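Quick look at final04.txt (compact mmCIF, C-alpha atoms and all ligand atoms):
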```
# COMPACT_ATOMS: atom_id res chain seq x y z
CA MET A 6 -35.89 -45.66 9.45
CA LYS A 7 -37.01 -46.17 5.87
CA MET A 8 -36.18 -43.73 3.09
CA ILE A 9 -38.91 -43.40 0.47
CA LEU A 10 -39.82 -41.10 -2.43
CA ARG A 11 -43.21 -39.77 -3.42
CA TRP A 12 -44.50 -41.20 -6.70
CA PHE A 13 -47.71 -40.62 -8.68
CA PRO A 14 -49.14 -43.63 -10.54
CA PHE A 15 -50.85 -44.24 -13.89
CA GLY A 16 -48.61 -42.09 -16.07
CA ASP A 17 -49.04 -38.97 -13.95
CA ASP A 18 -45.35 -38.75 -13.04
CA SER A 19 -42.23 -37.94 -15.06
CA VAL A 20 -40.26 -40.30 -12.80
CA SER A 21 -40.59 -44.06 -13.23
CA LEU A 22 -40.48 -46.74 -10.55
CA GLU A 23 -37.48 -48.20 -12.44
CA TYR A 24 -35.56 -44.99 -11.75
CA ILE A 25 -36.69 -44.73 -8.14
CA ARG A 26 -35.47 -48.29 -7.58
CA GLN A 27 -31.99 -47.12 -8.65
CA VAL A 28 -31.74 -44.38 -6.02
CA PRO A 29 -29.43 -45.90 -3.39
CA GLY A 30 -31.09 -46.55 -0.05
CA VAL A 31 -34.67 -45.97 -1.17
CA SER A 32 -36.97 -48.83 -0.13
CA GLY A 33 -40.38 -47.66 -1.25
CA VAL A 34 -42.76 -44.95 -2.37
CA ALA A 35 -45.44 -42.78 -0.85
CA THR A 36 -48.22 -42.87 -3.39
CA CYS A 37 -51.94 -42.36 -3.92
CA LEU A 38 -54.89 -42.74 -6.25
CA THR A 39 -55.06 -39.19 -7.59
CA ASP A 40 -58.24 -39.72 -9.58
CA VAL A 41 -60.64 -40.83 -6.83
CA PRO A 42 -62.79 -37.79 -6.01
CA VAL A 43 -62.43 -36.47 -2.47
CA GLY A 44 -64.98 -38.16 -0.21
CA GLU A 45 -65.25 -41.42 -2.15
CA VAL A 46 -63.95 -44.83 -1.09
CA TRP A 47 -60.63 -45.90 -2.63
CA PRO A 48 -61.52 -49.19 -4.35
CA LEU A 49 -59.67 -52.25 -3.07
CA ASP A 50 -59.17 -53.74 -6.55
CA ARG A 51 -57.39 -50.59 -7.74
CA LEU A 52 -55.21 -50.51 -4.61
CA LYS A 53 -54.21 -54.11 -5.29
CA VAL A 54 -53.16 -53.19 -8.83
CA LEU A 55 -51.19 -50.24 -7.52
CA LYS A 56 -49.43 -52.30 -4.87
CA GLU A 57 -48.54 -54.99 -7.38
CA GLU A 58 -47.06 -52.39 -9.71
CA VAL A 59 -44.93 -50.90 -6.92
CA ASN A 60 -43.83 -54.30 -5.54
CA LYS A 61 -42.97 -55.56 -9.03
CA HIS A 62 -40.24 -52.92 -9.08
CA GLY A 63 -38.74 -54.06 -5.79
CA LEU A 64 -40.30 -51.23 -3.82
CA GLU A 65 -42.71 -51.12 -0.87
CA MET A 66 -46.03 -49.30 -0.68
CA GLU A 67 -46.38 -48.75 3.06
CA VAL A 68 -47.18 -45.03 2.96
CA ILE A 69 -50.11 -43.32 1.31
CA GLU A 70 -49.98 -39.59 0.63
CA SER A 71 -52.65 -38.34 0.77
CA VAL A 72 -56.25 -39.35 1.35
CA ASN A 73 -57.83 -35.92 1.31
CA VAL A 74 -60.49 -34.98 3.83
CA HIS A 75 -63.81 -33.82 2.36
CA GLU A 76 -64.56 -30.15 2.93
CA ASP A 77 -67.88 -31.01 4.66
CA ILE A 78 -65.88 -32.76 7.42
CA LYS A 79 -63.72 -29.68 7.93
CA LYS A 80 -66.83 -27.51 7.90
CA GLY A 81 -68.62 -29.76 10.39
CA LEU A 82 -71.72 -30.15 8.19
CA PRO A 83 -74.30 -32.91 8.89
CA SER A 84 -73.21 -34.61 5.65
CA ARG A 85 -69.78 -35.20 7.20
CA ASP A 86 -70.79 -38.61 8.61
CA ARG A 87 -71.21 -40.01 5.11
CA TYR A 88 -67.75 -38.80 4.11
CA ILE A 89 -66.20 -40.06 7.34
CA ASP A 90 -67.72 -43.50 6.64
CA ALA A 91 -66.07 -43.46 3.23
CA TYR A 92 -62.77 -42.46 4.86
CA LEU A 93 -63.04 -45.41 7.27
CA GLN A 94 -63.69 -47.82 4.42
CA THR A 95 -60.67 -46.42 2.60
CA ILE A 96 -58.52 -47.03 5.68
CA GLU A 97 -59.77 -50.62 5.85
CA ASN A 98 -58.93 -51.12 2.17
CA LEU A 99 -55.47 -49.62 2.66
CA ALA A 100 -54.83 -52.04 5.52
CA LYS A 101 -55.70 -54.94 3.22
CA VAL A 102 -52.81 -53.98 0.92
CA GLY A 103 -50.30 -53.57 3.76
CA VAL A 104 -50.28 -49.80 4.17
CA LYS A 105 -48.78 -48.71 7.52
CA CYS A 106 -48.95 -44.92 7.43
CA LEU A 107 -51.46 -42.44 6.05
CA CYS A 108 -50.53 -38.81 5.43
CA TYR A 109 -53.33 -36.25 5.16
CA ASN A 110 -53.97 -32.63 5.95
CA PHE A 111 -56.77 -30.60 7.44
CA MET A 112 -56.26 -27.29 5.64
CA PRO A 113 -59.54 -25.55 4.77
CA VAL A 114 -60.31 -24.79 1.10
CA LEU A 115 -56.72 -24.27 -0.04
CA ASP A 116 -54.00 -26.86 0.09
CA TRP A 117 -50.32 -25.83 -0.06
CA VAL A 118 -49.66 -22.48 -1.71
CA ARG A 119 -46.70 -21.05 -3.64
CA THR A 120 -46.56 -17.98 -5.85
CA ASP A 121 -43.90 -19.35 -8.20
CA LEU A 122 -43.38 -23.02 -8.99
CA ALA A 123 -40.27 -22.42 -11.12
CA HIS A 124 -38.41 -19.61 -9.40
CA LYS A 125 -34.84 -19.28 -10.71
CA LEU A 126 -32.22 -19.61 -7.98
CA PRO A 127 -28.79 -17.97 -8.43
CA ASP A 128 -27.27 -21.25 -9.68
CA GLY A 129 -29.83 -21.47 -12.50
CA SER A 130 -31.89 -24.26 -10.91
CA GLU A 131 -35.63 -23.81 -10.43
CA ALA A 132 -37.41 -24.10 -7.10
CA MET A 133 -40.80 -23.22 -5.65
CA ALA A 134 -41.13 -19.86 -3.94
CA TYR A 135 -43.66 -17.94 -1.86
CA ARG A 136 -44.18 -14.17 -1.66
CA HIS A 137 -46.81 -13.23 0.89
CA THR A 138 -47.83 -9.79 -0.40
CA GLN A 139 -48.46 -11.32 -3.80
CA VAL A 140 -50.89 -13.84 -2.24
CA ALA A 141 -52.52 -11.25 0.01
CA ASN A 142 -53.29 -9.02 -3.00
CA MET A 143 -54.60 -11.81 -5.21
CA ASP A 144 -58.07 -13.20 -5.73
CA PRO A 145 -57.99 -16.78 -4.29
CA SER A 146 -59.18 -18.34 -7.52
CA LEU A 147 -56.30 -16.65 -9.33
CA VAL A 148 -53.81 -18.15 -6.88
CA ALA A 149 -55.26 -21.57 -7.69
CA ARG A 150 -55.22 -20.92 -11.44
CA ALA A 151 -51.66 -19.59 -11.34
CA MET A 152 -50.51 -22.77 -9.59
CA ARG A 153 -52.27 -25.06 -12.03
CA ASN A 154 -50.86 -23.16 -15.01
CA GLN A 155 -47.34 -23.82 -13.77
CA ALA A 156 -47.81 -27.54 -13.18
CA ASN A 157 -46.28 -28.60 -16.54
CA GLY A 158 -49.38 -30.63 -17.36
CA PHE A 159 -49.24 -32.84 -14.26
CA SER A 160 -51.94 -32.95 -11.61
CA LEU A 161 -51.05 -30.91 -8.54
CA PRO A 162 -51.60 -32.88 -5.35
CA GLY A 163 -54.17 -31.12 -3.20
CA TRP A 164 -55.36 -28.93 -6.07
CA GLU A 165 -57.90 -31.29 -7.58
CA PRO A 166 -60.40 -29.53 -9.88
CA GLU A 167 -63.46 -30.41 -7.78
CA ARG A 168 -61.88 -28.68 -4.85
CA LEU A 169 -61.51 -25.42 -6.76
CA SER A 170 -65.06 -25.08 -8.07
CA ALA A 171 -66.65 -23.88 -4.83
CA MET A 172 -63.64 -21.97 -3.58
CA ALA A 173 -65.19 -18.52 -3.18
CA GLU A 174 -68.24 -19.88 -1.31
CA ASP A 175 -66.03 -22.02 0.91
CA ILE A 176 -63.84 -19.09 1.88
CA GLU A 177 -66.97 -17.11 2.72
CA PHE A 178 -68.28 -20.02 4.84
CA TYR A 179 -65.16 -20.06 7.00
CA ARG A 180 -65.53 -16.38 7.86
CA HIS A 181 -68.17 -17.61 10.32
CA VAL A 182 -66.18 -20.55 11.73
CA SER A 183 -64.15 -19.81 14.85
CA GLU A 184 -60.83 -21.51 15.41
CA GLU A 185 -62.41 -23.37 18.34
CA GLU A 186 -65.19 -24.74 16.13
CA TYR A 187 -62.56 -25.77 13.61
CA TRP A 188 -60.66 -27.72 16.29
CA ASN A 189 -63.94 -29.36 17.30
CA ASN A 190 -64.54 -30.45 13.72
CA MET A 191 -61.08 -31.93 13.68
CA LYS A 192 -61.68 -33.79 16.93
CA TYR A 193 -64.95 -35.20 15.59
CA PHE A 194 -63.03 -36.56 12.60
CA LEU A 195 -60.20 -37.97 14.73
CA ASP A 196 -62.50 -39.66 17.24
CA ALA A 197 -64.17 -41.50 14.37
CA VAL A 198 -61.03 -42.32 12.42
CA ILE A 199 -58.38 -43.13 15.02
CA PRO A 200 -60.03 -46.25 16.53
CA VAL A 201 -60.37 -47.73 13.03
CA ALA A 202 -56.78 -46.77 12.15
CA GLU A 203 -55.69 -48.45 15.38
CA ALA A 204 -57.61 -51.63 14.59
CA CYS A 205 -56.07 -51.58 11.09
CA ASP A 206 -52.57 -50.78 12.40
CA ILE A 207 -52.30 -47.69 10.18
CA LYS A 208 -50.62 -44.66 11.70
CA MET A 209 -52.39 -41.40 10.88
CA ALA A 210 -49.95 -38.58 10.12
CA ILE A 211 -51.36 -35.09 9.63
CA HIS A 212 -49.27 -32.74 7.49
CA PRO A 213 -48.67 -29.21 8.78
CA ASP A 214 -50.36 -26.29 7.06
CA ASP A 215 -48.22 -24.96 4.27
CA PRO A 216 -47.29 -22.15 4.64
CA PRO A 217 -47.89 -22.25 8.39
CA TRP A 218 -49.92 -19.07 8.68
CA SER A 219 -53.39 -17.90 7.71
CA ILE A 220 -54.15 -17.01 4.10
CA PHE A 221 -57.36 -15.19 3.08
CA GLY A 222 -58.48 -15.21 6.72
CA LEU A 223 -58.85 -19.02 6.73
CA PRO A 224 -58.10 -21.05 9.86
CA ARG A 225 -54.62 -22.57 9.82
CA VAL A 226 -54.08 -24.87 12.75
CA ILE A 227 -51.06 -27.15 12.35
CA THR A 228 -48.47 -24.41 12.34
CA ASP A 229 -46.14 -24.64 15.34
CA ALA A 230 -45.25 -26.66 18.45
CA ALA A 231 -48.10 -25.25 20.58
CA HIS A 232 -50.71 -26.08 17.95
CA ILE A 233 -49.27 -29.55 17.40
CA ARG A 234 -49.56 -30.16 21.16
CA THR A 235 -53.21 -29.10 21.01
CA PHE A 236 -53.78 -31.35 18.02
CA LEU A 237 -52.20 -34.43 19.61
CA ALA A 238 -54.21 -33.87 22.80
CA LEU A 239 -57.47 -34.02 20.80
CA ASN A 240 -56.99 -37.77 20.65
CA ASP A 241 -54.27 -39.38 22.76
CA SER A 242 -53.77 -42.54 20.75
CA PRO A 243 -50.26 -43.05 19.37
CA TYR A 244 -52.02 -43.66 16.06
CA ASN A 245 -52.92 -39.95 16.04
CA GLY A 246 -49.62 -38.51 14.88
CA ILE A 247 -48.03 -36.08 12.49
CA THR A 248 -46.06 -35.85 9.30
CA LEU A 249 -43.21 -33.63 10.36
CA CYS A 250 -42.53 -31.48 7.31
CA THR A 251 -39.41 -29.45 8.03
CA GLY A 252 -39.98 -27.15 5.08
CA SER A 253 -43.58 -26.31 5.99
CA LEU A 254 -42.87 -25.69 9.67
CA GLY A 255 -39.51 -24.14 8.83
CA SER A 256 -41.10 -21.52 6.55
CA ASP A 257 -41.92 -19.69 9.77
CA ARG A 258 -38.54 -18.58 11.07
CA ASN A 259 -39.94 -18.56 14.63
CA ASN A 260 -40.26 -22.35 14.54
CA ASP A 261 -37.26 -24.17 16.04
CA VAL A 262 -37.48 -27.25 13.83
CA PRO A 263 -34.91 -29.47 15.62
CA ALA A 264 -36.70 -28.75 18.93
CA ILE A 265 -40.05 -29.65 17.33
CA VAL A 266 -38.54 -32.92 16.05
CA ARG A 267 -37.08 -33.74 19.48
CA GLU A 268 -40.37 -33.08 21.27
CA PHE A 269 -42.78 -34.96 19.03
CA ALA A 270 -40.55 -37.71 17.64
CA GLY A 271 -39.45 -38.23 21.24
CA LYS A 272 -43.07 -38.95 22.16
CA GLY A 273 -43.44 -41.39 19.28
CA ARG A 274 -45.99 -39.18 17.55
CA VAL A 275 -44.09 -38.56 14.30
CA HIS A 276 -44.93 -41.28 11.78
CA PHE A 277 -43.59 -39.69 8.62
CA ALA A 278 -40.94 -37.05 7.97
CA HIS A 279 -40.72 -34.74 4.97
CA ILE A 280 -37.27 -33.21 4.99
CA ARG A 281 -36.32 -30.20 2.90
CA ASN A 282 -34.70 -26.80 3.32
CA VAL A 283 -35.96 -23.22 2.91
CA LYS A 284 -34.31 -19.82 2.65
CA HIS A 285 -36.15 -17.03 4.46
CA LEU A 286 -36.30 -13.71 2.67
CA SER A 287 -38.51 -12.08 5.31
CA ASP A 288 -40.95 -13.25 7.99
CA LYS A 289 -43.38 -14.49 5.33
CA ASP A 290 -41.36 -14.82 2.13
CA PHE A 291 -39.22 -17.82 1.28
CA ASP A 292 -37.58 -19.84 -1.45
CA GLU A 293 -37.31 -23.60 -1.36
CA THR A 294 -33.68 -24.67 -1.78
CA ALA A 295 -31.47 -27.73 -2.11
CA HIS A 296 -31.49 -29.96 0.99
CA LEU A 297 -27.92 -29.17 2.10
CA SER A 298 -27.70 -27.07 5.29
CA GLN A 299 -25.55 -24.43 3.62
CA CYS A 300 -28.17 -23.85 0.90
CA GLY A 301 -30.94 -22.71 3.24
CA ASP A 302 -31.75 -21.61 6.78
CA LEU A 303 -32.45 -25.03 8.31
CA ASP A 304 -29.65 -27.02 9.90
CA MET A 305 -30.14 -30.47 8.41
CA TYR A 306 -27.52 -32.07 10.64
CA GLU A 307 -29.39 -30.90 13.75
CA ILE A 308 -32.70 -32.02 12.27
CA VAL A 309 -31.51 -35.51 11.29
CA LYS A 310 -29.68 -35.85 14.64
CA ALA A 311 -32.89 -34.93 16.47
CA PHE A 312 -34.72 -37.72 14.60
CA TYR A 313 -31.91 -40.17 15.32
CA ASP A 314 -31.67 -39.28 19.00
CA ALA A 315 -35.45 -39.67 19.37
CA GLY A 316 -35.14 -43.26 18.13
CA PHE A 317 -37.18 -42.40 15.04
CA ASP A 318 -38.12 -45.64 13.29
CA ALA A 319 -40.63 -44.59 10.65
CA TYR A 320 -40.56 -43.15 7.14
CA ILE A 321 -38.55 -40.25 5.75
CA ARG A 322 -38.76 -38.76 2.33
CA PRO A 323 -36.79 -35.90 0.88
CA ASP A 324 -39.59 -33.44 0.29
CA HIS A 325 -39.67 -31.17 -2.76
CA GLY A 326 -36.55 -30.94 -4.87
CA ARG A 327 -35.43 -28.30 -7.32
CA MET A 328 -35.49 -28.80 -11.08
CA ILE A 329 -31.89 -29.24 -12.20
CA TRP A 330 -29.93 -30.51 -15.20
CA GLY A 331 -32.72 -29.65 -17.63
CA GLU A 332 -35.22 -32.03 -16.06
CA ARG A 333 -38.93 -31.37 -16.70
CA GLY A 334 -41.67 -32.72 -14.50
CA ARG A 335 -44.15 -31.95 -11.76
CA PRO A 336 -42.87 -28.93 -9.81
CA GLY A 337 -41.07 -30.13 -6.69
CA TYR A 338 -41.08 -33.76 -7.80
CA GLY A 339 -38.29 -34.25 -10.30
CA LEU A 340 -35.90 -37.17 -9.81
CA PHE A 341 -32.43 -35.65 -9.68
CA ASP A 342 -32.59 -33.23 -6.77
CA ARG A 343 -34.71 -35.56 -4.65
CA ALA A 344 -32.22 -38.40 -5.26
CA ILE A 345 -29.38 -36.10 -4.16
CA GLY A 346 -31.44 -35.03 -1.14
CA ALA A 347 -32.26 -38.61 -0.15
CA ASN A 348 -28.61 -39.60 -0.23
CA TYR A 349 -27.49 -36.50 1.64
CA LEU A 350 -29.99 -37.36 4.40
CA LEU A 351 -28.92 -41.03 4.39
CA GLY A 352 -25.29 -39.85 4.66
CA LEU A 353 -26.09 -37.70 7.66
CA TRP A 354 -27.97 -40.60 9.23
CA GLU A 355 -25.08 -43.04 8.71
CA ALA A 356 -22.53 -40.60 10.16
CA ILE A 357 -24.68 -39.87 13.21
CA GLU A 358 -25.45 -43.56 13.75
CA LYS A 359 -21.81 -44.62 13.52
CA SER A 360 -20.52 -41.84 15.74
CA ASN A 361 -23.14 -42.81 18.32
CA LYS A 362 -22.17 -46.46 18.17
CA ASN A 363 -18.50 -45.55 18.56
CA LYS A 364 -19.38 -43.49 21.61
CA GLU A 365 -21.37 -46.37 23.06
CA GLY A 366 -18.44 -48.67 22.37
CA ALA A 367 -16.07 -46.28 24.12
CA HIS A 368 -18.38 -46.17 27.15
CA GLY A 369 -18.64 -49.94 27.16
CA ASN A 370 -14.86 -50.32 27.35
CA ALA A 371 -14.43 -47.79 30.09
MN MN B 401 -44.29 -31.69 3.15
```

Kindly return the structure encoded in the file as structure tokens.
Amino acid sequence: MKMILRWFPFGDDSVSLEYIRQVPGVSGVATCLTDVPVGEVWPLDRLKVLKEEVNKHGLEMEVIESVNVHEDIKKGLPSRDRYIDAYLQTIENLAKVGVKCLCYNFMPVLDWVRTDLAHKLPDGSEAMAYRHTQVANMDPSLVARAMRNQANGFSLPGWEPERLSAMAEDIEFYRHVSEEEYWNNMKYFLDAVIPVAEACDIKMAIHPDDPPWSIFGLPRVITDAAHIRTFLALNDSPYNGITLCTGSLGSDRNNDVPAIVREFAGKGRVHFAHIRNVKHLSDKDFDETAHLSQCGDLDMYEIVKAFYDAGFDAYIRPDHGRMIWGERGRPGYGLFDRAIGANYLLGLWEAIEKSNKNKEGAHGNA
């Protein structure tokens, strides 16, 4: 298992690689080129510069988060082949700089959604929060604008400007796309991408929809165990896997997150884990919280144990953190709370690993 942190390059992050290097137990970053428009090839020369920068600080760049999928691919338009070709070239370029895992999502029109990016928790810290009625009563473009206005001047991953321009038309388009057609569009993408990912030895890791339910009537497909099963069956290669985001899946209180970890990590189909906690306020309202089990509704011990027991040997990052101790930065991606989260998770891992080894030792002597 490798513990990593997400990091945004070229001055678009309040957290430096120097600081990330000082977080105990962190071996690398999940990063990206935020300024390449969706659908274009990520240039090899820029990836080389990025890798050099990361490596110079004693960190690895084995995970990319995210290469976004062009909307025409999700819509199944004839122009998708051109964008898929660009995606394949990007994968080949990523392989040339040693990338091993690629996180992406297949959410139509909207990426992740929150209603408040700096919601005050009782202890005075700030976390991201979601209130469903607020979203349901809002014009989609206002949701997007509200999120961008709260981003403290940083780019918001998944909310690139070009994605927002055609939002109303895109939402209208999907009114005529059935869930089955949407799955077919996904399969078309996977059947093109997975053989290349396999040849390049890059594990594809789709991120669940966040939140894991439909917004504005749009298809949401990676939401629970049943849908993940359907997704993995679209293409059986082990290179077709998931990013298991405990906070996204855990926002739906019907999802048994440790059971989901056991099932899919057990099959070797989890290539990246995002671990964070959430507090449910109702079926569709939640606050993000500190990672600790007692701070939210997810049992982090059970989750980490499920990964350990499954023999998980890929990448984990503490997902979003709160803003604490006066830190200012990109919502969800300050240093302090993520560093605490990473070390809490590493502590759980060490305890579980050692207690397992002791048990094995005891058996061996018997
Ligand atoms: Mn996540």

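With only C-alpha atoms and all ligand atoms as the basis for measurement, A:Tyr338 is the residue among A:Tyr193, A:Tyr338, A:Phe291, A:Phe178 that approaches ligand MN 401 (chain B) most closely.
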
Which residues sit within 10 Å of ligand MN 401 (chain B), counting all atoms listed in the file, listed as a PDB file with C-alpha atoms, in the frame of the given file?
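pocket_36.pdb, written as the output of this step:
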```
ATOM      1  CA  CYS A 108     -50.530 -38.810   5.430  1.00  0.00           C
ATOM      2  CA  TRP A 117     -50.320 -25.830  -0.060  1.00  0.00           C
ATOM      3  CA  HIS A 212     -49.270 -32.740   7.490  1.00  0.00           C
ATOM      4  CA  PRO A 213     -48.670 -29.210   8.780  1.00  0.00           C
ATOM      5  CA  ASP A 214     -50.360 -26.290   7.060  1.00  0.00           C
ATOM      6  CA  ASP A 215     -48.220 -24.960   4.270  1.00  0.00           C
ATOM      7  CA  THR A 248     -46.060 -35.850   9.300  1.00  0.00           C
ATOM      8  CA  LEU A 249     -43.210 -33.630  10.360  1.00  0.00           C
ATOM      9  CA  CYS A 250     -42.530 -31.480   7.310  1.00  0.00           C
ATOM     10  CA  THR A 251     -39.410 -29.450   8.030  1.00  0.00           C
ATOM     11  CA  GLY A 252     -39.980 -27.150   5.080  1.00  0.00           C
ATOM     12  CA  SER A 253     -43.580 -26.310   5.990  1.00  0.00           C
ATOM     13  CA  LEU A 254     -42.870 -25.690   9.670  1.00  0.00           C
ATOM     14  CA  PHE A 277     -43.590 -39.690   8.620  1.00  0.00           C
ATOM     15  CA  ALA A 278     -40.940 -37.050   7.970  1.00  0.00           C
ATOM     16  CA  HIS A 279     -40.720 -34.740   4.970  1.00  0.00           C
ATOM     17  CA  ILE A 280     -37.270 -33.210   4.990  1.00  0.00           C
ATOM     18  CA  ARG A 281     -36.320 -30.200   2.900  1.00  0.00           C
ATOM     19  CA  ARG A 322     -38.760 -38.760   2.330  1.00  0.00           C
ATOM     20  CA  PRO A 323     -36.790 -35.900   0.880  1.00  0.00           C
ATOM     21  CA  ASP A 324     -39.590 -33.440   0.290  1.00  0.00           C
ATOM     22  CA  HIS A 325     -39.670 -31.170  -2.760  1.00  0.00           C
TER      23      HIS A 325
END
```

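Nearest residue to Gln139 in chain A, choosing from A:Leu115, A:Ile220, A:Ile78, A:Val198 and counting all atoms listed in the file: A:Ile220.
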
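The shortest atom-to-atom distance to Leu340 in chain A, with only C-alpha atoms taken into account, belongs to A:Met328 out of A:Ile321, A:Val46, A:Cys205, A:Met328.
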
key: Lys192 in chain A surroundings by all atoms listed in the file, 12 Å radius, close-in-sequence under 2 positions cut, as an NGL selection string   = :A and (78-79 or 81 or 111 or 185-190 or 194-199 or 235-241 or 245)

ask   = Which residue, A:Glu67, A:Asp288, A:Glu76, A:Glu358, has the smallest gap to Ala319 in chain A when you use all atoms listed in the file?
value = A:Glu67

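Going from CA of Asp17 in chain A to CA of Val41 in chain A covers 13.7 Å.
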